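What follows is a set of notes on a single structure, which appears directly below.
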Amino acid sequence: MTSISLRNIQKTFGKDTQVIKDVNLDIADGEFCVFLGPSGCGKSTLLRMVAGIEDVTAGELRIGGIRMNEVPAAKRQVAMVFQSYALYPHMSVYENMAFGLRQAKVDKAEIDRRVREAAQILQLDPLLERMPRALSGGQRQRVAIGRAIVRSPNVFLFDEPLSNLDAALRVHMRAEISRLHKKFNHASAIYVTHDQTEAMAMADKIVLLRAGADMSKYGSVAQIGTPMDLYHRPSNRFVAEFLGSPRMNFLSATIEGCNENGLKLQLMSGETLDVPFLDRGIEAGTKLTLGIRPEHMYPVSANAPDCRLTRPVRQVERFGEYSYVYLNGDSSDTLIAKVSGDCYVNSSEAMSLGFDPQNCHVFDEEGLALPRIGSGSSNK
Amino acid sequence: MSSSSTTVSSGKGRGSRLTRVSVPILGLFWLVVTTLPFIFVVMTSLKSRQETFTSPVWELPKKLNFENYIAVLHGGFWVYLRNSVFVLVLSIVLILLISSMAAYAFARLRFRLNKPLFGLVVAGMIVPIHITLIPIYLLTKNIGLYDTPFALIGPYVATALPISIFILTEFMRQIPKELEEAAKLDGCGAFGVFWKVFLPLSGPGLSTVAIYNGIGLWNEFIFAYLLTSSPANRTLPLAIWDFQGQYTANIPAILSVVTLTSLPLIIAYAFGQERIVKGMMAGALKG
């Protein structure tokens, strides 16, 4: 049993600096859960509370069904990989990996077997006698992972473990960590990152956390779900904005009316649009925000039936396979469209764009997503 | 535009030329200031008593006269040396052990009186040892340690602790917190974290403390003079007393003692120069 359960978890530093509010979360046996969020949202603090190196101010934390609030870190059967690797500089790779087992008074032969087995999996065999200072960043990272593996923990905790690596190595290690987790699938894993690409690529479940005034108002958790859930069905504007690169475009609109097919919206620039969302009792004339991702927009001719918007182009960034077209938004915002690299358009020209209303998102004045018609069955 | 850049570059050139000339001159001056007294001590220790008074101060000895050294070595020198080494080693071990444990507590443990206690310890650095002489003398007498080498260890450790704790606390504050957390997850308690992680990583800080205190204690005179009386229990700085009469002093013999006393430090420095400098620098930079 390696499930993790957090109930009404709160964390306050000092008397009134709240960093975590009302976290309720279940992580199943063997699940790979990613804590994602902007700086200062408390994702590392939450991870450290699970590890036992930070106290839980209020709420209940259970691992494998057992209450862990008062259990010291060493007895929680968790292993952690730190952002800075935290390898003991005065110990060789072998000693670093064996240290935890020695503390647990495991038999010497068993320690040796486990260390060499982990070293083989991580291709660290030739480096066992080296000191950490003689290793590259990637090798250090593998030793840190090896140190966690040898202890056969119930829970793996990763605190932004790839942020000190270069881009190519990060992609390689990302795949490596996913592979290792599948190999040790008896253990649950919590992985903290601020990089949405890592989260989308690795997670079975993403917990998106928010900071600041929104955290105080709504609680720390913005949304919990699979990566595709969060991408396709963000429950609020923060989630919609945080996931996706470039970020989602937002256009101010007002409700003109509603029928069985959804809402009729009028954009600030005058265009009208039918979108398949329920009105939830919102009156006509109410202001809403329409969200559409750059990758869901495509160029059309100005008089095409699916033409939704025509805007002057401000700038074009070409990446070969695709281009980002920056267009003047309705207010001071810029609209971004991700179009094929073959699409040639120049700055200061007007560009017409189409998009499928099914790919739109609508948020009320509070920033909460309106329910989509048939959202129970549609799964993009 | 061009003229101003010329001015700047020529000014820079003058500055670096000035540095190139002045630094070696200042270095040479400092070398003379520090070595001349030692040269005088060694030179005079090789003269006879009569020659010391009759020849000019900086005149080389007429012949190398080792009689003073022989007299010193045949006297109580070895007893003084043994006492000095014993007191020094025991004091340094205790200073390192106590100050490193206290420093770990101040640097890493969260407890209510952490800051006030650290302030109190640091304030101990400004207490002049002279005002403690009489109480320490009476205390030592009362507990029966007067005139034993053990009498020196307590005052030596106590007076060295404030600066040692200060240096090591600043050093340990620089050790990444993640190492402590990793050790806790690996199963270490507070003492385990200190003993297995912090102490080995504090090597440069410990060297700094050991060297700084070692030099001071090797040459320490006041407590040794106050708390020991018989030659069998005295340390090296008091060996000069053997050659000091009520009205006269055997100056070449005293300077032989001084030379022999400073020899261990010079030899230690010659062999461990790189490590000593690194230790001092590590303390300076990381603190």
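Labeling convention for the structure tokens: chains A, B, ... as they appear, residues from 1 per chain, ligands from 1 in order of appearance.
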
Which residues of chain A sit at most 10 Å from chain B, using only C-alpha atoms? Give each one's shortest atom pair and distance in Å (one decimal place), in chain and ascending residue order, as a Markdown table.
| residue | atom | partner | partner_atom | distance |
| --- | --- | --- | --- | --- |
| A:Arg48 | CA | B:Glu181 | CA | 9.6 |
| A:Ala51 | CA | B:Leu185 | CA | 7.7 |
| A:Gly52 | CA | B:Leu185 | CA | 8.2 |
| A:Ile53 | CA | B:Glu181 | CA | 6.7 |
| A:Glu54 | CA | B:Glu181 | CA | 9.9 |
| A:Pro72 | CA | B:Leu185 | CA | 8.6 |
| A:Ala73 | CA | B:Leu185 | CA | 5.3 |
| A:Ala74 | CA | B:Gly187 | CA | 4.5 |
| A:Lys75 | CA | B:Gly187 | CA | 7.5 |
| A:Arg76 | CA | B:Leu185 | CA | 8.6 |
| A:Gln77 | CA | B:Leu185 | CA | 8.8 |
| A:Val78 | CA | B:Leu185 | CA | 7.5 |
| A:Ala79 | CA | B:Leu185 | CA | 6.8 |
| A:Met80 | CA | B:Ala182 | CA | 7.5 |
| A:Val81 | CA | B:Ala182 | CA | 8.6 |
| A:Phe82 | CA | B:Glu178 | CA | 7.2 |
| A:Gln83 | CA | B:Glu178 | CA | 8.9 |
| A:Ser84 | CA | B:Glu178 | CA | 7.6 |
| A:Tyr85 | CA | B:Glu178 | CA | 8.3 |
| A:Ala86 | CA | B:Leu179 | CA | 5.1 |
| A:Leu87 | CA | B:Leu179 | CA | 7.0 |
| A:Tyr88 | CA | B:Leu179 | CA | 6.7 |
| A:Pro89 | CA | B:Leu201 | CA | 7.6 |
| A:His90 | CA | B:Leu201 | CA | 6.8 |
| A:Met91 | CA | B:Val197 | CA | 9.5 |
| A:Ala98 | CA | B:Asp186 | CA | 9.7 |
| A:Phe99 | CA | B:Asp186 | CA | 7.0 |
| A:Gly100 | CA | B:Asp186 | CA | 4.3 |
| A:Leu101 | CA | B:Asp186 | CA | 7.7 |
| A:Arg102 | CA | B:Asp186 | CA | 8.9 |
| A:Gln103 | CA | B:Gly187 | CA | 5.8 |
| A:Ala104 | CA | B:Gly187 | CA | 6.8 |
| A:Arg147 | CA | B:Asp186 | CA | 9.4 |
| A:Ala148 | CA | B:Asp186 | CA | 9.3 |
| A:Arg151 | CA | B:Asp186 | CA | 8.8 |

Since we have the selection now, will you write its residues out, keeping N, CA and C atoms, as a CSV table (one decimal), in the first residue's frame?
chain,number,residue,atom,x,y,z
A,48,ARG,N,7.6,18.7,0.8
A,48,ARG,CA,8.4,18.6,2.0
A,48,ARG,C,7.5,18.1,3.2
A,51,ALA,N,7.3,14.5,2.8
A,51,ALA,CA,8.6,13.9,3.1
A,51,ALA,C,8.8,13.9,4.6
A,52,GLY,N,8.2,14.8,5.3
A,52,GLY,CA,8.4,14.9,6.8
A,52,GLY,C,9.5,15.8,7.2
A,53,ILE,N,10.0,16.7,6.3
A,53,ILE,CA,11.0,17.7,6.7
A,53,ILE,C,10.3,19.0,6.9
A,54,GLU,N,9.0,19.1,6.8
A,54,GLU,CA,8.3,20.3,7.1
A,54,GLU,C,7.0,19.8,7.9
A,72,PRO,N,8.4,10.8,12.1
A,72,PRO,CA,9.6,11.4,11.5
A,72,PRO,C,10.0,11.0,10.1
A,73,ALA,N,10.7,11.9,9.4
A,73,ALA,CA,11.0,11.6,8.0
A,73,ALA,C,11.6,10.2,7.7
A,74,ALA,N,12.5,9.8,8.6
A,74,ALA,CA,13.2,8.6,8.3
A,74,ALA,C,12.3,7.4,8.4
A,75,LYS,N,11.2,7.5,9.1
A,75,LYS,CA,10.3,6.3,9.2
A,75,LYS,C,9.1,6.3,8.3
A,76,ARG,N,9.1,7.2,7.3
A,76,ARG,CA,8.0,7.3,6.4
A,76,ARG,C,8.1,6.4,5.2
A,77,GLN,N,9.3,5.8,5.0
A,77,GLN,CA,9.5,5.0,3.8
A,77,GLN,C,9.4,5.8,2.5
A,78,VAL,N,10.0,7.0,2.6
A,78,VAL,CA,10.0,7.9,1.4
A,78,VAL,C,11.4,8.2,1.1
A,79,ALA,N,11.7,8.4,-0.2
A,79,ALA,CA,13.0,8.8,-0.7
A,79,ALA,C,12.9,10.0,-1.5
A,80,MET,N,13.8,11.0,-1.4
A,80,MET,CA,13.6,12.2,-2.1
A,80,MET,C,14.8,12.6,-3.0
A,81,VAL,N,14.6,13.1,-4.1
A,81,VAL,CA,15.6,13.6,-5.0
A,81,VAL,C,15.5,15.1,-5.0
A,82,PHE,N,16.6,15.7,-4.6
A,82,PHE,CA,16.6,17.2,-4.4
A,82,PHE,C,17.0,17.9,-5.7
A,83,GLN,N,16.6,19.2,-5.8
A,83,GLN,CA,16.9,20.0,-6.9
A,83,GLN,C,18.4,20.2,-7.1
A,84,SER,N,19.1,20.3,-5.9
A,84,SER,CA,20.5,20.5,-5.9
A,84,SER,C,21.3,19.2,-5.8
A,85,TYR,N,20.6,18.1,-5.9
A,85,TYR,CA,21.0,16.7,-5.8
A,85,TYR,C,21.3,16.3,-4.3
A,86,ALA,N,21.9,17.2,-3.6
A,86,ALA,CA,22.2,17.0,-2.1
A,86,ALA,C,23.0,15.7,-1.9
A,87,LEU,N,24.0,15.6,-2.8
A,87,LEU,CA,25.0,14.4,-2.6
A,87,LEU,C,25.9,14.8,-1.5
A,88,TYR,N,26.3,13.9,-0.6
A,88,TYR,CA,27.3,14.2,0.4
A,88,TYR,C,28.7,14.4,-0.3
A,89,PRO,N,29.2,15.6,-0.2
A,89,PRO,CA,30.5,15.8,-1.0
A,89,PRO,C,31.7,15.0,-0.5
A,90,HIS,N,31.6,14.6,0.8
A,90,HIS,CA,32.8,13.9,1.4
A,90,HIS,C,32.7,12.4,1.2
A,91,MET,N,31.7,11.9,0.5
A,91,MET,CA,31.5,10.5,0.3
A,91,MET,C,31.5,10.1,-1.2
A,98,ALA,N,25.0,4.1,-0.4
A,98,ALA,CA,24.8,3.1,0.7
A,98,ALA,C,24.5,3.7,2.0
A,99,PHE,N,24.6,5.1,2.1
A,99,PHE,CA,24.5,5.8,3.4
A,99,PHE,C,23.1,5.5,4.1
A,100,GLY,N,22.0,5.6,3.4
A,100,GLY,CA,20.7,5.4,4.0
A,100,GLY,C,20.5,3.9,4.5
A,101,LEU,N,21.1,3.0,3.7
A,101,LEU,CA,21.0,1.6,4.1
A,101,LEU,C,21.8,1.3,5.3
A,102,ARG,N,23.0,1.9,5.4
A,102,ARG,CA,23.9,1.8,6.6
A,102,ARG,C,23.2,2.3,7.8
A,103,GLN,N,22.5,3.4,7.6
A,103,GLN,CA,21.8,4.0,8.8
A,103,GLN,C,20.7,3.1,9.2
A,104,ALA,N,20.1,2.4,8.3
A,104,ALA,CA,19.0,1.4,8.6
A,104,ALA,C,19.6,0.1,9.1
A,147,ARG,N,20.4,6.9,-5.2
A,147,ARG,CA,20.4,6.9,-3.7
A,147,ARG,C,18.9,6.7,-3.2
A,148,ALA,N,18.0,7.2,-4.1
A,148,ALA,CA,16.6,7.0,-3.7
A,148,ALA,C,16.1,5.6,-4.0
A,151,ARG,N,16.9,2.4,-1.6
A,151,ARG,CA,16.2,2.2,-0.3
A,151,ARG,C,14.8,1.5,-0.5

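Neighbours of stretch 123-129 of chain B closer than or equal to 10 Å, with only C-alpha atoms counted and sequence neighbours fewer than 2 positions away skipped, come out as Leu117, Phe118, Gly119, Leu120, Val121, Ile131, Thr132, Leu133, Ile136, Pro155, Ala158, Thr159, Ala160, Leu161, Pro162, Ile163, Ser164, Phe166, Ile222 and Phe223 of chain B.
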
Can those selected residues be exported to a file as a PDB file, in the first residue's frame so that it contains C-alpha atoms?
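Wrote it out as result_28.pdb, contents follow:
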ATOM      1  CA  LEU B 117      22.554  32.548  23.508  1.00  0.00           C
ATOM      2  CA  PHE B 118      24.616  33.044  20.367  1.00  0.00           C
ATOM      3  CA  GLY B 119      24.795  36.770  21.181  1.00  0.00           C
ATOM      4  CA  LEU B 120      25.989  35.930  24.690  1.00  0.00           C
ATOM      5  CA  VAL B 121      28.684  33.584  23.375  1.00  0.00           C
ATOM      6  CA  ILE B 131      39.885  40.333  34.798  1.00  0.00           C
ATOM      7  CA  THR B 132      39.344  36.574  35.005  1.00  0.00           C
ATOM      8  CA  LEU B 133      42.812  35.772  36.357  1.00  0.00           C
ATOM      9  CA  ILE B 136      40.358  31.361  37.798  1.00  0.00           C
ATOM     10  CA  PRO B 155      40.948  28.322  30.880  1.00  0.00           C
ATOM     11  CA  ALA B 158      36.952  28.496  27.805  1.00  0.00           C
ATOM     12  CA  THR B 159      38.761  31.533  26.411  1.00  0.00           C
ATOM     13  CA  ALA B 160      38.985  29.997  22.926  1.00  0.00           C
ATOM     14  CA  LEU B 161      35.341  28.961  22.675  1.00  0.00           C
ATOM     15  CA  PRO B 162      33.647  32.291  21.757  1.00  0.00           C
ATOM     16  CA  ILE B 163      35.734  32.994  18.643  1.00  0.00           C
ATOM     17  CA  SER B 164      35.771  29.295  17.683  1.00  0.00           C
ATOM     18  CA  PHE B 166      31.592  32.218  16.025  1.00  0.00           C
ATOM     19  CA  ILE B 222      49.773  34.418  31.451  1.00  0.00           C
ATOM     20  CA  PHE B 223      47.690  31.390  32.486  1.00  0.00           C
TER      21      PHE B 223
END

Notebook entry, point to check: Mind checking DSSP for stretch 206-301 of chain A and telling me the alpha helix (DSSP H) residues as a ChimeraX atom specification?
Noted result: /A:212-218,227-232,237-242

Create the file for the chosen residues now, containing N, CA and C atoms and written as a compact mmCIF listing (two decimals), in the first residue's frame.
# COMPACT_ATOMS: atom_id res chain seq x y z
N GLY A 212 -0.81 33.51 -3.98
CA GLY A 212 -1.31 34.88 -3.80
C GLY A 212 -2.75 34.96 -3.38
N ALA A 213 -3.43 36.02 -3.89
CA ALA A 213 -4.80 36.31 -3.45
C ALA A 213 -5.77 35.19 -3.82
N ASP A 214 -5.56 34.58 -5.01
CA ASP A 214 -6.43 33.48 -5.43
C ASP A 214 -6.33 32.30 -4.48
N MET A 215 -5.09 32.03 -4.01
CA MET A 215 -4.90 30.94 -3.05
C MET A 215 -5.69 31.23 -1.77
N SER A 216 -5.60 32.47 -1.29
CA SER A 216 -6.32 32.84 -0.06
C SER A 216 -7.82 32.71 -0.25
N LYS A 217 -8.30 33.04 -1.48
CA LYS A 217 -9.74 33.07 -1.72
C LYS A 217 -10.30 31.67 -2.00
N TYR A 218 -9.61 30.92 -2.89
CA TYR A 218 -10.18 29.64 -3.34
C TYR A 218 -9.45 28.42 -2.79
N PRO A 227 -3.23 15.17 -17.41
CA PRO A 227 -2.71 16.29 -18.21
C PRO A 227 -3.69 16.75 -19.28
N MET A 228 -4.34 15.80 -19.96
CA MET A 228 -5.25 16.18 -21.04
C MET A 228 -6.53 16.82 -20.50
N ASP A 229 -6.95 16.40 -19.30
CA ASP A 229 -8.09 17.04 -18.64
C ASP A 229 -7.82 18.52 -18.43
N LEU A 230 -6.66 18.78 -17.87
CA LEU A 230 -6.33 20.17 -17.55
C LEU A 230 -6.17 21.00 -18.82
N TYR A 231 -5.64 20.36 -19.86
CA TYR A 231 -5.41 21.09 -21.10
C TYR A 231 -6.74 21.39 -21.80
N HIS A 232 -7.59 20.38 -21.88
CA HIS A 232 -8.83 20.54 -22.64
C HIS A 232 -9.97 21.11 -21.82
N ARG A 237 -9.78 30.25 -15.29
CA ARG A 237 -8.92 31.01 -16.20
C ARG A 237 -7.45 30.82 -15.87
N PHE A 238 -7.13 30.68 -14.56
CA PHE A 238 -5.73 30.50 -14.16
C PHE A 238 -5.16 29.23 -14.79
N VAL A 239 -5.92 28.13 -14.71
CA VAL A 239 -5.45 26.86 -15.27
C VAL A 239 -5.30 26.99 -16.78
N ALA A 240 -6.30 27.62 -17.42
CA ALA A 240 -6.28 27.78 -18.87
C ALA A 240 -5.05 28.57 -19.31
N GLU A 241 -4.71 29.57 -18.52
CA GLU A 241 -3.60 30.46 -18.86
C GLU A 241 -2.26 29.79 -18.58
N PHE A 242 -2.21 28.99 -17.49
CA PHE A 242 -0.93 28.41 -17.07
C PHE A 242 -0.47 27.29 -18.00

Margin query: Taking 6 positions as the minimum chain separation for residues in the same chain, which residues sit within 10 Å of A:Arg179 when counting only C-alpha atoms? Answer as a PyMOL selection string.
Written below: chain A and resi 173+185+202

Checklist line | Within 12 Å of stretch 135-143 of chain A using only C-alpha atoms, minus same-chain residues under 3 positions, as a ChimeraX atom specification | finding: /A:80-89,91-98,115-116,118-132,146-150,158-174,176-177,180

Pull C-alpha atoms from the residues just selected and write them as a PDB file, in the first residue's frame.
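Result file is result28.pdb:
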ATOM      1  CA  MET A  80      13.618  12.248  -2.082  1.00  0.00           C
ATOM      2  CA  VAL A  81      15.625  13.572  -5.006  1.00  0.00           C
ATOM      3  CA  PHE A  82      16.566  17.200  -4.422  1.00  0.00           C
ATOM      4  CA  GLN A  83      16.909  20.020  -6.933  1.00  0.00           C
ATOM      5  CA  SER A  84      20.547  20.506  -5.918  1.00  0.00           C
ATOM      6  CA  TYR A  85      21.047  16.681  -5.796  1.00  0.00           C
ATOM      7  CA  ALA A  86      22.207  17.003  -2.139  1.00  0.00           C
ATOM      8  CA  LEU A  87      24.952  14.419  -2.582  1.00  0.00           C
ATOM      9  CA  TYR A  88      27.288  14.193   0.405  1.00  0.00           C
ATOM     10  CA  PRO A  89      30.463  15.832  -0.973  1.00  0.00           C
ATOM     11  CA  MET A  91      31.491  10.462   0.287  1.00  0.00           C
ATOM     12  CA  SER A  92      32.075   8.486  -2.908  1.00  0.00           C
ATOM     13  CA  VAL A  93      29.186   7.570  -5.200  1.00  0.00           C
ATOM     14  CA  TYR A  94      29.042   4.120  -3.560  1.00  0.00           C
ATOM     15  CA  GLU A  95      29.015   5.591  -0.044  1.00  0.00           C
ATOM     16  CA  ASN A  96      26.361   8.124  -1.022  1.00  0.00           C
ATOM     17  CA  MET A  97      24.101   5.365  -2.272  1.00  0.00           C
ATOM     18  CA  ALA A  98      24.831   3.083   0.686  1.00  0.00           C
ATOM     19  CA  VAL A 115      23.939  -0.507  -4.570  1.00  0.00           C
ATOM     20  CA  ARG A 116      25.473  -2.454  -7.463  1.00  0.00           C
ATOM     21  CA  ALA A 118      20.935   0.309  -8.776  1.00  0.00           C
ATOM     22  CA  ALA A 119      24.284   1.372 -10.257  1.00  0.00           C
ATOM     23  CA  GLN A 120      23.774  -1.075 -13.109  1.00  0.00           C
ATOM     24  CA  ILE A 121      20.248   0.196 -13.830  1.00  0.00           C
ATOM     25  CA  LEU A 122      21.518   3.781 -13.872  1.00  0.00           C
ATOM     26  CA  GLN A 123      24.778   2.940 -15.680  1.00  0.00           C
ATOM     27  CA  LEU A 124      26.796   4.191 -12.748  1.00  0.00           C
ATOM     28  CA  ASP A 125      29.018   1.078 -12.383  1.00  0.00           C
ATOM     29  CA  PRO A 126      32.253   2.743 -13.546  1.00  0.00           C
ATOM     30  CA  LEU A 127      31.650   5.767 -11.319  1.00  0.00           C
ATOM     31  CA  LEU A 128      31.086   4.070  -7.960  1.00  0.00           C
ATOM     32  CA  GLU A 129      34.466   5.072  -6.501  1.00  0.00           C
ATOM     33  CA  ARG A 130      34.339   8.671  -7.742  1.00  0.00           C
ATOM     34  CA  MET A 131      33.584  11.635  -5.529  1.00  0.00           C
ATOM     35  CA  PRO A 132      30.571  13.828  -6.444  1.00  0.00           C
ATOM     36  CA  GLY A 146      20.204   5.859  -7.345  1.00  0.00           C
ATOM     37  CA  ARG A 147      20.370   6.913  -3.704  1.00  0.00           C
ATOM     38  CA  ALA A 148      16.573   6.991  -3.699  1.00  0.00           C
ATOM     39  CA  ILE A 149      16.150   3.679  -5.538  1.00  0.00           C
ATOM     40  CA  VAL A 150      18.410   1.574  -3.281  1.00  0.00           C
ATOM     41  CA  PHE A 158      11.264  14.629  -6.717  1.00  0.00           C
ATOM     42  CA  ASP A 159      11.805  18.320  -6.028  1.00  0.00           C
ATOM     43  CA  GLU A 160      12.483  19.980  -9.410  1.00  0.00           C
ATOM     44  CA  PRO A 161      15.235  17.441 -10.094  1.00  0.00           C
ATOM     45  CA  LEU A 162      15.918  18.501 -13.664  1.00  0.00           C
ATOM     46  CA  SER A 163      16.057  22.262 -13.334  1.00  0.00           C
ATOM     47  CA  ASN A 164      19.865  22.378 -13.096  1.00  0.00           C
ATOM     48  CA  LEU A 165      20.420  20.382 -16.286  1.00  0.00           C
ATOM     49  CA  ASP A 166      20.767  21.677 -19.834  1.00  0.00           C
ATOM     50  CA  ALA A 167      17.808  21.325 -22.200  1.00  0.00           C
ATOM     51  CA  ALA A 168      18.978  18.170 -24.021  1.00  0.00           C
ATOM     52  CA  LEU A 169      19.898  16.341 -20.820  1.00  0.00           C
ATOM     53  CA  ARG A 170      16.611  17.396 -19.248  1.00  0.00           C
ATOM     54  CA  VAL A 171      14.639  15.675 -22.021  1.00  0.00           C
ATOM     55  CA  HIS A 172      16.791  12.545 -21.649  1.00  0.00           C
ATOM     56  CA  MET A 173      16.466  12.418 -17.843  1.00  0.00           C
ATOM     57  CA  ARG A 174      12.732  13.092 -18.083  1.00  0.00           C
ATOM     58  CA  GLU A 176      14.714   8.093 -17.763  1.00  0.00           C
ATOM     59  CA  ILE A 177      12.727   8.998 -14.645  1.00  0.00           C
ATOM     60  CA  LEU A 180      12.433   4.021 -13.805  1.00  0.00           C
TER      61      LEU A 180
END

Notebook entry, point to check: Of the residues A:Leu370, A:Glu349, A:Gly219, A:Gly257, which is the one nearest to A:Gln18, using only C-alpha atoms?
Noted result: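 Distance minimum relative to A:Gln18 lands on A:Gly219.
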
Check: Which residues come within 9 Å of stretch 324-338 of chain A, counting only C-alpha atoms, excluding same-chain residues fewer than 4 positions away, as JSON, numbers by chain?
Finding: {"A": [246, 247, 248, 249, 250, 251, 252, 267, 268, 269, 293, 294, 295, 296, 297, 298, 299, 311, 312, 313, 314, 315, 316, 317, 318, 319, 345, 347, 350, 351, 353]}

Check: Near B:Gly214, within 10 Å and counting only C-alpha atoms, which residues show up once chain neighbours fewer than 3 positions away are dropped, as a PyMOL selection string?
Finding: chain B and resi 88-89+91-92+160+207-211+217-220+265

Just N, CA and C atoms for this one: save the residues we selected as a PDB file, in the first residue's frame.
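Full text of out.pdb as output:
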ATOM      1  N   LEU B  88      48.321  21.414  24.626  1.00  0.00           N
ATOM      2  CA  LEU B  88      47.835  21.909  23.332  1.00  0.00           C
ATOM      3  C   LEU B  88      46.890  20.897  22.667  1.00  0.00           C
ATOM      4  N   VAL B  89      47.349  19.647  22.604  1.00  0.00           N
ATOM      5  CA  VAL B  89      46.542  18.636  21.903  1.00  0.00           C
ATOM      6  C   VAL B  89      45.192  18.461  22.587  1.00  0.00           C
ATOM      7  N   SER B  91      43.624  20.513  24.619  1.00  0.00           N
ATOM      8  CA  SER B  91      42.810  21.735  24.520  1.00  0.00           C
ATOM      9  C   SER B  91      42.188  21.856  23.138  1.00  0.00           C
ATOM     10  N   ILE B  92      42.996  21.622  22.086  1.00  0.00           N
ATOM     11  CA  ILE B  92      42.478  21.781  20.722  1.00  0.00           C
ATOM     12  C   ILE B  92      41.373  20.760  20.443  1.00  0.00           C
ATOM     13  N   ALA B 160      38.969  30.179  24.389  1.00  0.00           N
ATOM     14  CA  ALA B 160      38.985  29.997  22.926  1.00  0.00           C
ATOM     15  C   ALA B 160      37.592  29.765  22.359  1.00  0.00           C
ATOM     16  N   SER B 207      40.016  23.434  10.579  1.00  0.00           N
ATOM     17  CA  SER B 207      41.461  23.733  10.443  1.00  0.00           C
ATOM     18  C   SER B 207      41.731  25.165  10.872  1.00  0.00           C
ATOM     19  N   THR B 208      40.877  26.082  10.420  1.00  0.00           N
ATOM     20  CA  THR B 208      41.065  27.489  10.770  1.00  0.00           C
ATOM     21  C   THR B 208      41.058  27.662  12.285  1.00  0.00           C
ATOM     22  N   VAL B 209      40.075  27.042  12.924  1.00  0.00           N
ATOM     23  CA  VAL B 209      39.960  27.165  14.381  1.00  0.00           C
ATOM     24  C   VAL B 209      41.179  26.535  15.063  1.00  0.00           C
ATOM     25  N   ALA B 210      41.588  25.360  14.578  1.00  0.00           N
ATOM     26  CA  ALA B 210      42.727  24.667  15.193  1.00  0.00           C
ATOM     27  C   ALA B 210      44.008  25.484  15.041  1.00  0.00           C
ATOM     28  N   ILE B 211      44.222  26.047  13.858  1.00  0.00           N
ATOM     29  CA  ILE B 211      45.457  26.813  13.614  1.00  0.00           C
ATOM     30  C   ILE B 211      45.448  28.105  14.436  1.00  0.00           C
ATOM     31  N   LEU B 217      47.734  29.296  21.784  1.00  0.00           N
ATOM     32  CA  LEU B 217      47.961  28.485  22.985  1.00  0.00           C
ATOM     33  C   LEU B 217      49.413  28.036  23.112  1.00  0.00           C
ATOM     34  N   TRP B 218      50.069  27.792  21.995  1.00  0.00           N
ATOM     35  CA  TRP B 218      51.481  27.381  22.021  1.00  0.00           C
ATOM     36  C   TRP B 218      52.336  28.475  22.678  1.00  0.00           C
ATOM     37  N   ASN B 219      51.959  29.722  22.422  1.00  0.00           N
ATOM     38  CA  ASN B 219      52.736  30.844  22.959  1.00  0.00           C
ATOM     39  C   ASN B 219      52.130  31.427  24.232  1.00  0.00           C
ATOM     40  N   GLU B 220      51.068  30.837  24.758  1.00  0.00           N
ATOM     41  CA  GLU B 220      50.347  31.413  25.890  1.00  0.00           C
ATOM     42  C   GLU B 220      51.241  31.486  27.131  1.00  0.00           C
ATOM     43  N   LEU B 265      56.297  25.350  15.204  1.00  0.00           N
ATOM     44  CA  LEU B 265      55.326  26.095  14.397  1.00  0.00           C
ATOM     45  C   LEU B 265      55.869  26.340  12.994  1.00  0.00           C
TER      46      LEU B 265
END

List as a tab-separated table every residue of stretch 195-226 of chain B that is in contact with stretch 98-113 of chain B, defined as an atom at most 9 Å from one of its atoms (using only C-alpha atoms), together with the nearest atom pair and the distance in Å rounded to one decimal, sorted by chain and then rising number.
residue	atom	partner	partner_atom	distance
B:Trp195	CA	B:Met101	CA	8.9
B:Phe198	CA	B:Tyr104	CA	7.7
B:Leu199	CA	B:Ser100	CA	7.3
B:Ser202	CA	B:Ser100	CA	8.6
B:Leu206	CA	B:Ser100	CA	7.9

Margin query: Applying 9 Å and only C-alpha atoms, which residues near A:Gly40 remain after dropping the ones on its own chain fewer than 6 positions away? List them as a PyMOL selection string.
Written below: chain A and resi 19+210-212

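Across the model, the gap from atom CA of A:Leu208 to atom CA of A:Val275 is 26.5 Å.
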